[in-house]
Every structure is written in C-alpha cells, then in structure tokens.
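Colleague: Sharing a structure here in structure tokens format.
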Amino acid sequence: MAASLLLGRQGVVFGLRLSAVNKCLWSAHPWQEHVRHFFQSPWILGVSPLKVQMPALSPTMEEGNIVKWLKSEGEAVAAGDALCEIETDKAVVTLESNDDGILAKIMMEEGSRNVRLGTLIALMVEEGQDWKQVEVPAPEAVPSPALAGHTDPAPAPAVAFPPPSPSKALPSGPLRLSPAARHILDTHGISPKLASPTGPRGLITKEDALNLLKATPAPKAAPTTTITPADPLPVPTAAPTPPPPGVRPNIPPLSIPGKPGAPGTFTEIPATNIRRVIAQRLTQSKTTIPHAYASIDCDMAAVMLLRKDLAKEQIKVSVNDFIIKAAAVTLKEMPEVNVTWSGDGPQALDSIHISIAVSTDKGLITPIITDAANKGVQEISANAKTLAQKARDGKLLPEEYQGGSFSISNLGMFGIDGFSAVINPPQACILAVGTSRAELRVNEEDQTLRTQQMMTVTLSSDGRLVDDALASRFLDKFRSNLEQPQRMALA
C-alpha cells in the first residue's frame, strides 16, 4: 500500500514537470503557431465563393446568352443590384444579385451564347474577404455522348483518303443505306464504306451521310486509269464533277464570304434564342391546337368621333386602345371564353390580362395589360406605350410578358385588311385586327347610301375550348361594345 502511494505521487510530479516543459517549448517556438495559421489561411485554402448560376428567367427558358456585365470584378455588390443582362427566349432581362458581397470572378464573359440553366456564370465573396483569393471550383467534366459511343480512335483519318481503311470496323453483311443517304453519297461520289452507321442494325442514315460529307475535304473525281505517275498536275485543282442533268443536290453548298453567291448557295444566319422559341411555339400551336376562325366587320364611326373629342382635351388615345378595352369588357361579360387549356382540361381564369403583340428587331413578343377590364382607355393607352417601348428596348421583366389570358395582334398600321393569327398557347383565343377602310353602304333607316369606316377583326379560337357558336357570340358582343363605346363604361 505504501509502495502504491509512493508510485502515484511520483507520477503526479512527473506529469506536472512534463506540462511545464511543453509550455516552455511552445513559448520558445511561436513560429509553429504561425505555420498552422498560414496553412489554414485563405492564401492556401482560398476564399469560399458564393456561386451565381444561370437562372430560369421564364417558364420556357432552357438556355440564355450573356449580353452585358453591369458589374466588374472586384466591385462591391448589394442585394438587388443589377449584375448582368441575359437574353432569354423572350427578352433581355436584368439579373439582380440575391446577396451582399464582392464580384470576384466572371466565369462567362460577355457574348457567351447558349449557356444552359444552372451553369456557373460568376463567383462572389462575402464583404471583408479578399476577392482575389476566391476558390475557383474545378469545371465539371461532362463526357460527350458522341465520343463515348465510339471505340475506334481513327475513323477521321480513314475518311481523308480515297481507299477505305482495311482496319475500319464495318457491320457484317451488305451495307444498308437509307434512300436519302444513298442519294447524298451518290451525288457527291463518296463511297458508303467510309460512313459510320448509327442507325438500327447498321443502317447508314441521312445524318451519317451529311457528317461524312462535312468531313470530306473536297469532292473526289471518278478514278481513271489515264493519269500517269509522272503527271505533275495536283488532283485538288480539278473542278468538282457537276451533278447529272435533272438531279437536284440534297444540300446546297455554302457561299464563300466576299464572293458573289453561285446559284444554289446559301448563307447561314445564326438564330437567337427568341427566334428559336418563336419557331418552337408556333409549330406547337399549329400542330397541337385545332384552330377555328371567324370574322366580323365593325363600324368605327363612334370610336373615331370620340377620339376627336378627346384630342380637343389633349387626351391622345389610339384605336388599338379602344380595341383592348372592348375585348377585356367582352371577356368580363362572357367568362366562358376567358379560359386556357391544360393537360387535365379547361381552366377558367379569374383575371383578365390582355397580351398585345409587339414587333421588335429580335422577334415578336407579347407584353401584358393587366386587369384591363377595370382600367380606363387612357390608362390602357399609357400602359401600352410604356410596355411597347420596353419590349423594343429589351427591358421587359418576366412578370410583364407572362400570364396573359387573351391576345390581340393589330396589323392595321401596315394597311392589312384582314388576316388570321396563330394562337399563343395555353391561351384559347387571339384577335387579329385589320385596318379601317371607307366603304359605301346602305343606311337601313332611310335606304340612302353613306360612307362608313369599317374594320375587319378575325378571331382564332381553340376548338377544344371555344366552339363556333361561342366564338360567334363573342364577336357579336365585341362589335356592340366597340361600336357603342359608352357601353364599355357601364359594363
């Protein structure tokens, strides 16, 4: 027992002495603490960034273009400040910052096109941090499906030579070509053995033939036995063999910049996101929506007279403003037309938002007059002018062109008497407005001839939602409201 107590006391004394030695060593070597802080500092690890990704600025947006950066690297950014301008499938929208900090690194420069949603476009750091030491994440390596599907590393060099490479893997059995692929290869004199088939069961498709045509340096002349080895003339100087008479090439050749275009050539025009989406939505509308059309003539005498009276009071409104008001009031009186089509069927709308078609340099866009039925003609006119100017400047906000319930397209200023417009899905109707014209008509009261200002409107309606009878009653009510403007104030 005494021995145990003696050993325990000696252990405690040894522990105290060892602690004192450690304190002495650390106080004698403060550089060790500095080394630890150095390796844990942002100079080694980097400043953790705040990621700015390409957002979805419209429901149909899949990619965008970086038009202009409004902040530069190293500049302070507050929440709500404009970071950059992004061209969406609808308009040029300003991207605002969600955080306070400093813009540290621009990942996508101005002019970057087809930037997919979720792509990293910039990095920010918090206030007080060194933005120059921001940690740039490694780019995500996305394997290309086209490269992953080919195991032969040398298909391209085989295409550059006339004789087929014996080492190229070919499908077993005879070659199978689609009619379009056979026509392209025969027209340009290319052997089908050089193509890489991607179709089912080794079928050479039209796309395979076009890819082979693009990879071929120049059209090859038919092989002959008259050329001797001592012939000094190079083969590329020979003119390409013209197609046989009466045979039309499948793909016309590209024109050469700076030289006059030859017959059959073309020039590629890059399509903007807005143009691509317009093409997609028009195709979707005409192929999935059963369009029905109905037209009616409206007497514009009362509207013209009212416009003159308002102009004397320095109130300037257009005919289109009265048309917007008449359409909105008619929708309020006939809510069964104010509907949209969804995957489950018709949906009745509680609000009346009129989309007006505005032509811009980048394409057609439809800003919205919200709650048009409860606004006066003068307020509608002011809203329409403001939205039209913002649309032409590319400054529309997403909420200013999304969510319309009824569209109006007016080509009267171009002298168009009448036309049929394409429905803007998921809306049910669009009203096409022509120009007003003077017509000589018989007065029903006294059977005399008089000149009337007539205007033709055509309603394009979704046959699933608005049948012919309902569309006819809508147009009749619309004409009554437009020919008697006082009714619109009482509706």
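Residue numbering restarts at 1 in every chain; chains get A, B, ... in the order shown in the structure tokens, and ligands count up from 1 in that same order.
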When you look at segment 465-470 of chain A with a cut-off of 10 Å (counting only C-alpha atoms), what residues show up, excluding the ones that are within fewer than 4 positions of it in the same chain? I need them as a short mmCIF file (atom, residue, chain, number, x, y, z; two decimals) with C-alpha atoms, in the first residue's frame.

Modeller:
```cif
data_model
loop_
_atom_site.label_atom_id
_atom_site.label_comp_id
_atom_site.auth_asym_id
_atom_site.auth_seq_id
_atom_site.Cartn_x
_atom_site.Cartn_y
_atom_site.Cartn_z
CA PRO A 290 -57.34 22.82 -83.53
CA HIS A 291 -57.68 26.37 -84.86
CA ALA A 292 -61.10 27.75 -85.80
CA TYR A 293 -61.60 31.14 -87.44
CA ALA A 294 -64.46 33.64 -87.54
CA MET A 334 -68.52 36.22 -71.31
CA GLU A 336 -66.61 31.16 -70.64
CA VAL A 337 -64.19 32.50 -73.27
CA ASN A 338 -61.60 33.56 -70.67
CA VAL A 339 -60.16 30.05 -70.29
CA THR A 340 -56.96 28.14 -71.02
CA TRP A 341 -56.22 24.51 -71.84
CA GLY A 345 -58.69 20.05 -69.48
CA PRO A 346 -60.15 23.58 -69.44
CA GLN A 347 -59.26 26.02 -66.69
CA GLN A 427 -54.47 30.77 -74.30
CA ALA A 428 -57.72 29.93 -76.05
CA CYS A 429 -58.08 32.90 -78.44
CA SER A 460 -58.70 32.47 -83.93
CA SER A 461 -60.05 30.15 -81.23
CA PHE A 474 -68.21 36.70 -78.60
CA LEU A 475 -67.58 38.60 -81.84
CA ASP A 476 -71.13 39.97 -81.87
#
```

Colleague: Skipping near chain neighbours, those fewer than 2 positions away, what residues fall within 6 Å of segment 72-76 of chain A using only C-alpha atoms, listed as a PyMOL selection string?

Modeller: chain A and resi 101-105

Colleague: Neighbours of segment 179-186 of chain A within 8 Å (only C-alpha atoms; same-chain residues fewer than 2 positions away dropped), as an MDAnalysis selection string?

Modeller: chainID A and resid 177 188:192 204:210 213 249:250

Colleague: Of the candidates A:Leu349, A:Met455, A:Ala326, A:Val47, which one gets nearest to Lys132 of chain A if we count only C-alpha atoms?

Modeller: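 The answer is A:Val47, which sits nearest to Lys132 of chain A.
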
Colleague: With distances taken over only C-alpha atoms, which residue among A:Ile274, A:Leu305, A:Ala388, A:Leu431 lies nearest Phe419 of chain A?

Modeller: A:Leu431

Colleague: Using only C-alpha atoms, what does the table of segment 451-477 of chain A residues within 9 Å of segment 433-439 of chain A look like, with each row giving the shortest atom pair and its distance in Å to one decimal, sorted by chain and ascending number, as CSV?

Modeller:
```
residue,atom,partner,partner_atom,distance
A:Thr451,CA,A:Glu439,CA,5.4
A:Gln452,CA,A:Glu439,CA,5.3
A:Gln453,CA,A:Ala438,CA,4.6
A:Met454,CA,A:Ser436,CA,5.3
A:Met455,CA,A:Ser436,CA,4.4
A:Thr456,CA,A:Gly434,CA,5.6
A:Val457,CA,A:Val433,CA,4.6
A:Thr458,CA,A:Val433,CA,6.7
A:Leu459,CA,A:Val433,CA,8.9
```

Colleague: Can you pull out every residue within 12 Å of Gly394 of chain A, counting only C-alpha atoms, but drop anything in the same chain fewer than 6 positions away, and send it as an NGL selection string?

Modeller: :A and (67 or 85-94 or 274 or 358-365 or 367 or 387-388 or 400-401)

Colleague: Could you tell me how far atom CA of Asn65 of chain A sits from atom CA of Val115 of chain A, in Å to one decimal place?

Modeller: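 Here the two named atoms are 6.1 Å from each other.
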
Colleague: Please, what distance in Å, to one decimal, runs between atom CA of Arg464 of chain A and atom CA of Asp321 of chain A?

Modeller: 29.2 Å

Colleague: Do you have the atom CA of Lys332 of chain A-atom CA of Pro485 of chain A distance handy?

Modeller: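 Computed distance, atom CA of Lys332 of chain A to atom CA of Pro485 of chain A, equals 15.4 Å.
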